[in-house]
file coords_4.tsv (TSV, C-alpha atoms and all ligand atoms)
chain	number	residue	atom	x	y	z
G	27	MET	CA	-21.95	-3.75	9.26
G	28	LYS	CA	-19.50	-6.53	10.19
G	29	LYS	CA	-16.17	-5.03	9.24
G	30	ILE	CA	-14.78	-1.51	9.10
G	31	ILE	CA	-11.46	-0.03	8.01
G	32	ILE	CA	-10.11	2.86	10.04
G	33	ALA	CA	-8.19	5.11	7.62
G	34	THR	CA	-5.35	5.89	9.99
G	35	LYS	CA	-1.68	5.08	10.28
G	36	ASN	CA	-1.50	6.48	13.81
G	37	LYS	CA	-0.92	3.59	16.25
G	38	GLY	CA	-2.43	5.48	19.19
G	39	LYS	CA	-5.65	6.23	17.32
G	40	ALA	CA	-5.85	2.69	15.92
G	41	ALA	CA	-5.62	1.21	19.44
G	42	GLU	CA	-8.39	3.51	20.73
G	43	PHE	CA	-10.72	2.61	17.84
G	44	LYS	CA	-10.04	-1.11	18.24
G	45	ALA	CA	-10.91	-0.92	21.95
G	46	PHE	CA	-14.24	0.66	21.00
G	47	PHE	CA	-15.21	-1.59	18.09
G	48	ASN	CA	-14.21	-4.72	20.05
G	49	LYS	CA	-17.20	-4.05	22.30
G	50	THR	CA	-19.62	-3.74	19.38
G	51	GLY	CA	-18.78	-6.96	17.54
G	52	ILE	CA	-17.62	-5.06	14.43
G	53	GLU	CA	-14.14	-6.14	13.22
G	54	ALA	CA	-11.94	-3.03	12.92
G	55	TYR	CA	-8.70	-2.84	10.95
G	56	SER	CA	-6.41	0.15	10.56
G	57	LEU	CA	-4.20	0.93	7.56
G	58	LEU	CA	-1.36	-0.61	9.57
G	59	ASP	CA	-3.13	-4.00	9.14
G	60	VAL	CA	-4.03	-3.70	5.43
G	61	ASN	CA	-1.64	-5.19	2.87
G	62	ASN	CA	-3.22	-3.67	-0.25
G	63	GLN	CA	-1.34	-0.98	-2.14
G	64	LEU	CA	-2.97	2.18	-0.83
G	65	PRO	CA	-2.48	5.76	-1.99
G	66	GLU	CA	-0.45	8.14	0.23
G	67	ILE	CA	-2.96	10.74	1.35
G	68	GLU	CA	-1.85	14.33	1.63
G	69	GLU	CA	-4.03	16.24	4.07
G	70	THR	CA	-4.56	19.25	1.84
G	71	GLU	CA	-7.83	20.58	3.32
G	72	LYS	CA	-8.03	23.49	5.76
G	73	THR	CA	-10.73	21.96	7.99
G	74	PHE	CA	-10.94	18.83	10.13
G	75	GLU	CA	-14.11	17.82	8.24
G	76	GLY	CA	-12.38	18.25	4.89
G	77	ASN	CA	-9.37	16.14	5.84
G	78	ALA	CA	-11.46	13.44	7.54
G	79	ALA	CA	-13.65	13.11	4.43
G	80	LEU	CA	-10.61	13.10	2.15
G	81	LYS	CA	-8.92	10.27	4.09
G	82	ALA	CA	-12.09	8.13	4.29
G	83	GLU	CA	-13.15	8.66	0.66
G	84	LYS	CA	-9.71	7.91	-0.85
G	85	ILE	CA	-9.42	4.63	1.02
G	86	ALA	CA	-13.07	3.63	0.41
G	87	ASP	CA	-12.54	4.27	-3.33
G	88	VAL	CA	-9.75	1.70	-3.39
G	89	LEU	CA	-11.15	-0.93	-1.00
G	90	GLY	CA	-14.90	-0.62	-1.69
G	91	VAL	CA	-15.81	-1.27	1.96
G	92	PRO	CA	-16.99	1.02	4.81
G	93	VAL	CA	-14.17	3.30	5.93
G	94	LEU	CA	-13.97	5.56	8.97
G	95	ALA	CA	-11.40	8.37	9.16
G	96	ASP	CA	-10.45	10.57	12.10
G	97	ASP	CA	-9.04	14.05	11.74
G	98	SER	CA	-8.24	15.49	15.11
G	99	GLY	CA	-6.12	18.10	16.80
G	100	LEU	CA	-5.38	20.41	19.68
G	101	ILE	CA	-6.83	23.94	19.78
G	102	VAL	CA	-5.06	26.33	22.16
G	103	ASP	CA	-6.83	29.63	22.90
G	104	ALA	CA	-3.67	31.59	23.75
G	105	LEU	CA	-2.15	30.50	20.42
G	106	ASN	CA	-5.19	31.68	18.42
G	107	GLY	CA	-6.33	28.12	17.83
G	108	GLU	CA	-2.95	26.62	16.91
G	109	PRO	CA	-1.80	23.90	16.30
G	110	GLY	CA	-5.36	23.17	15.08
G	111	VAL	CA	-5.71	21.41	11.76
G	112	TYR	CA	-1.88	21.28	11.53
G	113	SER	CA	-1.49	19.45	14.87
G	114	ALA	CA	0.32	16.41	13.43
G	115	ARG	CA	2.97	18.48	11.63
G	116	TYR	CA	3.16	21.56	13.90
G	117	ALA	CA	6.93	21.27	14.33
G	118	GLY	CA	7.46	20.09	10.73
G	119	GLU	CA	7.47	16.78	8.89
G	120	PRO	CA	7.82	13.88	9.49
G	121	THR	CA	5.47	14.03	12.49
G	122	ASN	CA	7.32	14.09	15.79
G	123	ASP	CA	5.18	14.11	18.95
G	124	GLN	CA	8.01	15.32	21.21
G	125	ALA	CA	8.95	18.18	18.88
G	126	ASN	CA	5.28	19.23	18.71
G	127	ILE	CA	5.01	19.22	22.53
G	128	ASP	CA	8.23	21.24	22.86
G	129	LYS	CA	6.95	23.82	20.37
G	130	VAL	CA	3.66	24.33	22.24
G	131	LEU	CA	5.38	24.57	25.65
G	132	GLU	CA	7.95	26.99	24.33
G	133	LYS	CA	5.37	29.27	22.69
G	134	MET	CA	3.37	29.29	25.94
G	135	GLN	CA	6.24	29.94	28.34
G	136	ALA	CA	5.01	33.42	29.28
G	137	ILE	CA	1.33	32.46	29.53
G	138	SER	CA	-0.19	32.13	33.02
G	139	GLN	CA	-2.11	28.98	34.00
G	140	GLU	CA	-5.59	30.56	33.83
G	141	LYS	CA	-4.96	31.59	30.22
G	142	ARG	CA	-3.82	28.13	29.11
G	143	THR	CA	-7.29	26.83	28.17
G	144	ALA	CA	-7.43	24.40	25.25
G	145	ARG	CA	-9.50	21.62	23.76
G	146	PHE	CA	-9.03	18.54	21.66
G	147	ILE	CA	-11.34	18.03	18.72
G	148	CYS	CA	-12.06	14.82	16.82
G	149	VAL	CA	-14.01	14.81	13.57
G	150	LEU	CA	-15.01	11.40	12.24
G	151	ALA	CA	-16.07	10.80	8.65
G	152	LEU	CA	-17.75	7.49	7.83
G	153	VAL	CA	-17.93	6.55	4.17
G	154	ILE	CA	-20.17	3.64	3.23
G	155	PRO	CA	-19.93	2.92	-0.52
G	156	ASP	CA	-22.89	4.42	-2.43
G	157	SER	CA	-24.21	6.35	0.53
G	158	GLU	CA	-23.67	9.82	1.98
G	159	THR	CA	-20.67	10.58	4.19
G	160	ILE	CA	-21.58	10.80	7.89
G	161	PHE	CA	-19.74	13.27	10.17
G	162	CYS	CA	-19.52	13.19	13.98
G	163	THR	CA	-17.57	15.69	16.13
G	164	GLY	CA	-16.36	15.33	19.71
G	165	TYR	CA	-14.47	17.68	22.05
G	166	CYS	CA	-12.45	17.35	25.24
G	167	GLU	CA	-11.98	20.60	27.21
G	168	GLY	CA	-8.94	21.25	29.36
G	169	GLU	CA	-5.72	23.23	29.72
G	170	ILE	CA	-2.05	23.04	28.76
G	171	SER	CA	0.27	22.09	31.62
G	172	SER	CA	3.52	23.97	32.23
G	173	GLU	CA	5.59	20.77	32.00
G	174	GLN	CA	5.00	17.48	30.29
G	175	ALA	CA	4.04	14.48	32.43
G	176	GLY	CA	3.05	10.86	31.80
G	177	THR	CA	3.84	8.29	29.13
G	178	ASN	CA	0.44	6.81	28.22
G	179	GLY	CA	-1.54	7.78	25.13
G	180	PHE	CA	0.08	9.64	22.24
G	181	GLY	CA	0.51	13.04	20.61
G	182	TYR	CA	-0.11	15.98	22.94
G	183	ASP	CA	-1.49	13.84	25.81
G	184	PRO	CA	1.53	14.58	28.10
G	185	ILE	CA	0.72	18.34	28.17
G	186	PHE	CA	-3.10	18.23	28.25
G	187	ILE	CA	-4.90	18.37	31.61
G	188	PRO	CA	-8.59	17.58	31.08
G	189	ALA	CA	-11.12	19.82	32.85
G	190	GLY	CA	-11.84	18.56	36.38
G	191	TYR	CA	-8.46	16.76	36.64
G	192	SER	CA	-5.04	17.78	37.95
G	193	ILE	CA	-3.03	15.27	35.89
G	194	THR	CA	-2.43	14.97	32.15
G	195	LEU	CA	-4.17	12.59	29.75
G	196	ALA	CA	-0.85	10.73	29.51
G	197	GLN	CA	-1.03	10.03	33.27
G	198	LEU	CA	-4.51	8.49	32.95
G	199	SER	CA	-4.98	4.85	31.99
G	200	SER	CA	-6.24	4.24	28.45
G	201	LYS	CA	-9.56	3.18	29.98
G	202	GLU	CA	-9.87	6.50	31.84
G	203	LYS	CA	-8.83	8.51	28.77
G	204	ASN	CA	-11.38	6.67	26.65
G	205	LYS	CA	-14.20	7.70	28.99
G	206	ILE	CA	-13.63	11.43	28.49
G	207	SER	CA	-11.73	11.95	25.25
G	208	HIS	CA	-12.78	13.91	22.18
G	209	ARG	CA	-12.52	10.62	20.26
G	210	SER	CA	-14.85	8.75	22.60
G	211	ASN	CA	-17.34	11.62	22.45
G	212	ALA	CA	-17.34	11.49	18.65
G	213	ILE	CA	-17.55	7.68	18.70
G	214	ALA	CA	-20.56	7.81	21.06
G	215	GLN	CA	-22.41	9.83	18.42
G	216	LEU	CA	-21.31	7.44	15.70
G	217	GLU	CA	-22.56	4.52	17.79
G	218	LYS	CA	-26.05	6.04	17.94
G	219	TRP	CA	-25.99	6.43	14.19
G	220	LEU	CA	-24.75	2.85	13.64
G	221	GLN	CA	-27.57	1.46	15.77
G	222	ASN	CA	-30.02	2.80	13.21
G	223	ILE	CA	-28.52	1.11	10.14
Z	301	LIG	O1	-3.97	11.07	9.68
Z	301	LIG	P1	-3.81	9.81	10.47
Z	301	LIG	O2	-3.12	8.70	9.73
Z	301	LIG	O3	-5.09	9.37	11.12
Z	301	LIG	O4	-2.82	10.11	11.74
Z	301	LIG	P2	-2.30	11.55	12.21
Z	301	LIG	O5	-1.45	11.34	13.44
Z	301	LIG	O6	-1.64	12.26	11.06
Z	301	LIG	O7	-3.62	12.27	12.65
Z	301	LIG	P3	-4.22	13.70	12.25
Z	301	LIG	O8	-3.85	14.03	10.87
Z	301	LIG	O9	-5.67	13.65	12.62
Z	301	LIG	O10	-3.45	14.68	13.23
Z	301	LIG	C1	-3.90	14.78	14.54
Z	301	LIG	C2	-2.75	15.07	15.50
Z	301	LIG	O11	-3.37	15.65	16.68
Z	301	LIG	C3	-2.89	15.06	17.84
Z	301	LIG	N1	-3.94	14.29	18.53
Z	301	LIG	C4	-5.12	13.84	18.02
Z	301	LIG	N2	-5.79	13.11	18.93
Z	301	LIG	C5	-5.02	13.11	20.04
Z	301	LIG	C6	-5.16	12.52	21.32
Z	301	LIG	O12	-6.20	11.74	21.61
Z	301	LIG	N3	-4.18	12.72	22.20
Z	301	LIG	C7	-3.11	13.47	21.90
Z	301	LIG	N4	-2.88	14.04	20.72
Z	301	LIG	C8	-3.84	13.86	19.79
Z	301	LIG	C9	-1.76	14.13	17.43
Z	301	LIG	O13	-0.54	14.82	17.52
Z	301	LIG	C10	-2.07	13.78	15.98
Z	301	LIG	O14	-0.91	13.48	15.26
Z	302	MG	MG	-2.73	12.84	9.46

call {"tool": "encode", "arguments": {"input": "coords_4.tsv", "output": "structure tokens", "more": "lines below"}}
Ligand SMILES: O=P(O)(O)OP(=O)(O)OP(=O)(O)OC[C@H]1O[C@@H](n2cnc3c(O)ncnc32)[C@H](O)[C@@H]1O
Ligand SMILES: [Mg+2]
result
Amino acid sequence: MKKIIIATKNKGKAAEFKAFFNKTGIEAYSLLDVNNQLPEIEETEKTFEGNAALKAEKIADVLGVPVLADDSGLIVDALNGEPGVYSARYAGEPTNDQANIDKVLEKMQAISQEKRTARFICVLALVIPDSETIFCTGYCEGEISSEQAGTNGFGYDPIFIPAGYSITLAQLSSKEKNKISHRSNAIAQLEKWLQNI
């Protein structure tokens, strides 16, 4: 495989995927780079797998080339798994990272630090025309901070302290984040799979 389309319009995700594929010699483009008329994809499924497959398949249908999609989110134990599959639009649409962060912090105001455990999940779906969809899942364990800190990364990074650290993902460099993130864990599995084709 020489070229892959990443079915995302999220700049933060696109940058992380490009950093990874750069090292492999595969040219990666996100939907932000593609000029074709593409369908708006409504994420109507109730699972990460369902939405990842939906995004990859709809774009692969139009472009006829290998397409990788990422459906990811934050799972907070004290919030019974919220924001979960609705992470992007937790505080409503259009997506607003700051409003989402504020909503999580507000809902967790009364929750003590030891009960603030959480994890990020990333489900990747790879669609290669005329072959079966491949799924890879990665996690990043950690906890929700009491205040937001840091400006790197995107989404909920400013309130997520990865296990073994005392600072948020948004206070780590992108290189450090990419060593431990849910996305890099999922990509590592994908890499093993890609080596065999
Ligand atoms: O669907 P695409 O176009 O890929 O972009 P999206 O932002 O809508 O992506 P998702 O539907 O997968 O929603 C995932 C949300 O979870 C959050 N998220 C996912 N990965 C994250 C990460 O590495 N750091 C912080 N927040 C993350 C972030 O708020 C995303 O908007
Ligand atoms: Mg989305």

call {"tool": "atom_distance", "arguments": {"input": "coords_4.tsv", "atom1": "atom CA of Trp219 of chain G", "atom2": "atom C4 of ligand LIG 301 (chain Z)"}}
result
22.5 Å

call {"tool": "closest_atom_pairs", "arguments": {"input": "coords_4.tsv", "of": "chain G", "to": "ligand MG 302 (chain Z)", "cutoff": "10 Å", "atoms": "all atoms listed in the file", "output": "tab-separated table"}}
result
residue	atom	partner	partner_atom	distance
G:Ala33	CA	Z:MG302	MG	9.6
G:Thr34	CA	Z:MG302	MG	7.4
G:Lys35	CA	Z:MG302	MG	7.9
G:Asn36	CA	Z:MG302	MG	7.8
G:Ile67	CA	Z:MG302	MG	8.4
G:Glu68	CA	Z:MG302	MG	8.0
G:Glu69	CA	Z:MG302	MG	6.5
G:Asn77	CA	Z:MG302	MG	8.3
G:Ala78	CA	Z:MG302	MG	9.0
G:Lys81	CA	Z:MG302	MG	8.6
G:Ala95	CA	Z:MG302	MG	9.8
G:Asp96	CA	Z:MG302	MG	8.5
G:Asp97	CA	Z:MG302	MG	6.8
G:Ser98	CA	Z:MG302	MG	8.3
G:Gly99	CA	Z:MG302	MG	9.6
G:Val111	CA	Z:MG302	MG	9.4
G:Tyr112	CA	Z:MG302	MG	8.7
G:Ser113	CA	Z:MG302	MG	8.6
G:Ala114	CA	Z:MG302	MG	6.1
G:Arg115	CA	Z:MG302	MG	8.3
G:Thr121	CA	Z:MG302	MG	8.8

call {"tool": "closest_residue", "arguments": {"input": "coords_4.tsv", "among": "G:Lys133, G:Lys141, G:Lys84, G:Arg209", "to": "Val153 of chain G", "atoms": "only C-alpha atoms"}}
result
G:Lys84

call {"tool": "closest_residue", "arguments": {"input": "coords_4.tsv", "among": "G:His208, G:Lys218, G:Arg142, G:Lys28", "to": "Tyr55 of chain G", "atoms": "only C-alpha atoms"}}
result
G:Lys28

call {"tool": "residues_near_point", "arguments": {"input": "coords_4.tsv", "point": "(-5.9, 25.9, 30.0)", "cutoff": "9 Å", "atoms": "only C-alpha atoms", "output": "list in words"}}
result
Val102, Asp103, Ala104, Ser138, Gln139, Glu140, Lys141, Arg142, Thr143, Ala144, Arg145, Glu167, Gly168, Glu169, Ile170, Ser171, Phe186, Ile187, Pro188 and Ala189 of chain G

call {"tool": "residues_around", "arguments": {"input": "coords_4.tsv", "residues": "Thr50 of chain G", "least_positions_apart": "5", "cutoff": "12 Å", "atoms": "all atoms listed in the file", "output": "list of chain:residue names"}}
result
G:Met27, G:Lys28, G:Lys29, G:Ile30, G:Phe43, G:Lys44, G:Ala45, G:Ile213, G:Ala214, G:Leu216, G:Glu217, G:Lys218, G:Leu220, G:Gln221

call {"tool": "atom_distance", "arguments": {"input": "coords_4.tsv", "atom1": "atom CA of Glu83 of chain G", "atom2": "atom CA of Ile160 of chain G"}}
result
11.3 Å
